[in-house]
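Peer 1: Next up is a structure, given as structure tokens.
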Amino acid sequence: MTLHTGQCHCGAVRFRARLGDGFASIRRCTCSYCRMRGAVVAMAEAGGVEILEGAEALTRYRFHTGSAEHFFCARCGIYTHHQRRSNQALYAVNVACLDGVSPFDFAAVPVMDGVNHTNDTGRPTRRAGTLRFIPAD
């Protein structure tokens, strides 16, 4: 388990995240919402995201079934984390919000098939592909 601090873009929201398996759980998703958001996330277990400052600046968004809850800073609009739909005991944390971490630190990011979500199909989550970052230099 690794402990990271993070914040939104404007700094109004500061948090601490305990990632259960570090960055071994990084991923992206193909669902309509994640596709537009484009974040790389890592997993924290329930209680693993602690808001240190700015809880009043967080706003929430739910869509489709309403079971996943997505959190954003109301001032700068940056997505910080969300409670997952497929496993509500897990929170996905935006790695770009973690201090000293960038989504471009990862050469390959698994992309999960959120279009055919396991809660809709009853089948295990399928890996849709891999997002690769190849530095120009």
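Following the order of the structure tokens, first chain is A, next is B, and so on, with residues numbered from 1 inside each chain and ligands from 1 in the order they appear.
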Using only C-alpha atoms, which protein or nucleic acid residues come within 9 Å of A:Gly22? Drop anything in the same chain fewer than 6 positions from it, and give the result as a list in words.

Peer 2: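 With the cut-off at 9 Å, the set is Met1, Thr2, Leu3, Ala42, Met43 and Ala44 of chain A.
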
Peer 1: Take the residues that were just selected and, keeping N, CA, C and O atoms, output them as a short mmCIF file (atom, residue, chain, number, x, y, z; two decimals), in the first residue's frame.

Peer 2:
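This went into again-v8.cif:
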```
data_model
loop_
_atom_site.label_atom_id
_atom_site.label_comp_id
_atom_site.auth_asym_id
_atom_site.auth_seq_id
_atom_site.Cartn_x
_atom_site.Cartn_y
_atom_site.Cartn_z
N MET A 1 0.85 -1.17 0.00
CA MET A 1 0.00 0.00 0.00
C MET A 1 0.90 1.24 0.00
O MET A 1 1.86 1.30 0.74
N THR A 2 0.57 2.18 -0.85
CA THR A 2 1.35 3.42 -0.91
C THR A 2 0.46 4.61 -0.61
O THR A 2 -0.71 4.64 -0.98
N LEU A 3 1.03 5.59 0.08
CA LEU A 3 0.31 6.78 0.49
C LEU A 3 0.79 7.96 -0.36
O LEU A 3 1.99 8.17 -0.51
N ALA A 42 -5.81 5.13 -10.53
CA ALA A 42 -5.28 4.04 -9.71
C ALA A 42 -6.27 3.82 -8.57
O ALA A 42 -7.01 4.74 -8.20
N MET A 43 -6.30 2.63 -8.01
CA MET A 43 -7.34 2.26 -7.04
C MET A 43 -6.94 2.45 -5.58
O MET A 43 -5.83 2.12 -5.17
N ALA A 44 -7.92 2.97 -4.84
CA ALA A 44 -7.83 3.06 -3.38
C ALA A 44 -9.06 2.36 -2.82
O ALA A 44 -10.15 2.45 -3.39
#
```

Peer 1: Excluding same-chain residues fewer than 5 positions from A:Arg85, what lies within 9 Å of it counting only C-alpha atoms, as JSON, numbers by chain?

Peer 2: {"A": [65, 66, 67, 68, 69, 90, 119]}

Peer 1: Using the selection just defined, write its residues with all heavy atoms as a tab-separated table (two decimals), in the first residue's frame.

Peer 2:
```tsv
chain	number	residue	atom	x	y	z
A	65	THR	N	-26.66	4.59	-14.30
A	65	THR	CA	-27.35	3.93	-13.19
A	65	THR	C	-27.28	4.75	-11.91
A	65	THR	O	-28.02	4.46	-10.96
A	65	THR	CB	-26.74	2.54	-12.91
A	65	THR	OG1	-25.39	2.72	-12.45
A	65	THR	CG2	-26.77	1.66	-14.15
A	66	GLY	N	-26.39	5.73	-11.84
A	66	GLY	CA	-26.25	6.55	-10.65
A	66	GLY	C	-25.45	5.91	-9.54
A	66	GLY	O	-25.31	6.49	-8.46
A	67	SER	N	-24.90	4.73	-9.77
A	67	SER	CA	-24.19	4.04	-8.69
A	67	SER	C	-22.76	4.53	-8.50
A	67	SER	O	-22.23	4.46	-7.40
A	67	SER	CB	-24.22	2.53	-8.90
A	67	SER	OG	-23.67	2.20	-10.15
A	68	ALA	N	-22.13	5.03	-9.56
A	68	ALA	CA	-20.78	5.60	-9.43
A	68	ALA	C	-20.91	7.07	-9.10
A	68	ALA	O	-21.75	7.78	-9.65
A	68	ALA	CB	-20.00	5.42	-10.72
A	69	GLU	N	-20.07	7.54	-8.18
A	69	GLU	CA	-20.11	8.94	-7.77
A	69	GLU	C	-18.75	9.57	-8.11
A	69	GLU	O	-17.72	9.14	-7.61
A	69	GLU	CB	-20.39	9.04	-6.28
A	69	GLU	CG	-20.60	10.43	-5.79
A	69	GLU	CD	-21.10	10.46	-4.35
A	69	GLU	OE1	-20.82	9.51	-3.59
A	69	GLU	OE2	-21.76	11.43	-3.99
A	90	LEU	N	-14.20	0.30	-3.92
A	90	LEU	CA	-12.99	0.91	-4.48
A	90	LEU	C	-13.27	2.32	-4.98
A	90	LEU	O	-14.36	2.61	-5.47
A	90	LEU	CB	-12.46	0.09	-5.66
A	90	LEU	CG	-11.89	-1.28	-5.36
A	90	LEU	CD1	-11.49	-1.97	-6.66
A	90	LEU	CD2	-10.69	-1.18	-4.42
A	119	ASN	N	-21.39	-4.84	-15.03
A	119	ASN	CA	-22.68	-4.77	-14.34
A	119	ASN	C	-23.85	-4.81	-15.30
A	119	ASN	O	-24.97	-5.09	-14.90
A	119	ASN	CB	-22.77	-3.51	-13.48
A	119	ASN	CG	-21.92	-3.60	-12.24
A	119	ASN	OD1	-21.06	-4.47	-12.11
A	119	ASN	ND2	-22.11	-2.69	-11.32
```

Peer 1: Determine which residues of stretch 46-107 of chain A receive a DSSP assignment of helix (DSSP H, G or I), computed from the backbone, and state them as number ranges by chain.

Peer 2: A: 55-57, 95-97, 103-105

Peer 1: Would you tabulate, counting only C-alpha atoms, all residues of stretch 17-86 of chain A that have an atom at most 6 Å from an atom of stretch 107-111 of chain A, showing the closest pair of atoms and their distance in Å to one decimal, sorted by chain then ascending number, as JSON lines?

Peer 2:
```
{"residue": "A:Arg27", "atom": "CA", "partner": "A:Pro110", "partner_atom": "CA", "distance": 4.9}
{"residue": "A:Arg28", "atom": "CA", "partner": "A:Val111", "partner_atom": "CA", "distance": 4.6}
{"residue": "A:Cys29", "atom": "CA", "partner": "A:Val111", "partner_atom": "CA", "distance": 5.3}
```

Peer 1: Please determine, counting only C-alpha atoms, which residue among A:Phe104, A:Arg37, A:Gly47, A:Arg18 has the shortest atom-to-atom distance to A:Gly77.

Peer 2: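 Among the listed residues, A:Arg37 lies closest to A:Gly77.
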
Peer 1: Which residue, A:Ala57, A:Ile51, A:Pro103, A:Asn87, has the smallest gap to A:Ile26 when you use only C-alpha atoms?

Peer 2: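 Distance minimum relative to A:Ile26 lands on A:Pro103.
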
Peer 1: Do you know which residues are at most 9 Å from A:His81 counting only C-alpha atoms, after dropping those on the same chain fewer than 5 positions away, and could you put them as a PyMOL selection string?

Peer 2: chain A and resi 41+49+69-72+91-94

Peer 1: Excluding A:Pro124 and any residue of its chain fewer than 5 positions from it, enumerate the residues within 12 Å of it, using only C-alpha atoms, and give them as a PyMOL selection string.

Peer 2: chain A and resi 86+112-114+116-119

Peer 1: Please report the interatomic distance between atom CA of A:Ala96 and atom CA of A:Cys76 in Å with one decimal.

Peer 2: 14.2 Å

Peer 1: So how far away is atom CA of A:Cys10 from atom CA of A:Arg132, in Å?

Peer 2: 28.3 Å

Peer 1: Using only C-alpha atoms, determine which residues lie at most 10 Å from A:Gln7, disregarding the query and same-chain residues fewer than 2 positions distant; provide the list as a list of chain:residue names.

Peer 2: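 Near neighbours after the sequence-gap exclusion: A:Thr5, A:His9, A:Cys10, A:Gly11, A:Ala12, A:Val13, A:Arg14, A:Phe15, A:Arg16, A:Ile51, A:Leu52, A:Glu53, A:Gly54, A:Cys73, A:Ile78, A:Tyr79, A:Thr80, A:Asn94, A:Ala96, A:Cys97, A:Leu98, A:Asp99.
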
Peer 1: Restricting the calculation to only C-alpha atoms: of A:Leu19, A:Ala74, A:Val40, A:Val95, which residue gets closest to A:Thr59?

Peer 2: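 Between A:Leu19, A:Ala74, A:Val40, A:Val95, the residue approaching A:Thr59 most closely is A:Ala74.
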
Peer 1: Report the residues of chain A whose backbone DSSP state falls under strand (DSSP E), written as a count of residues only.

Peer 2: 57

Peer 1: Looking at only C-alpha atoms, which of A:Phe63, A:Ser25, A:Ala39, A:Glu56 is the one that sits closest to A:Ser102?

Peer 2: A:Ala39

Peer 1: Just to confirm, what's the straight-line distance from atom CA of A:Ala89 to atom CA of A:Ala46 in Å (one decimal)?

Peer 2: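 Those two atoms sit 4.9 Å apart.
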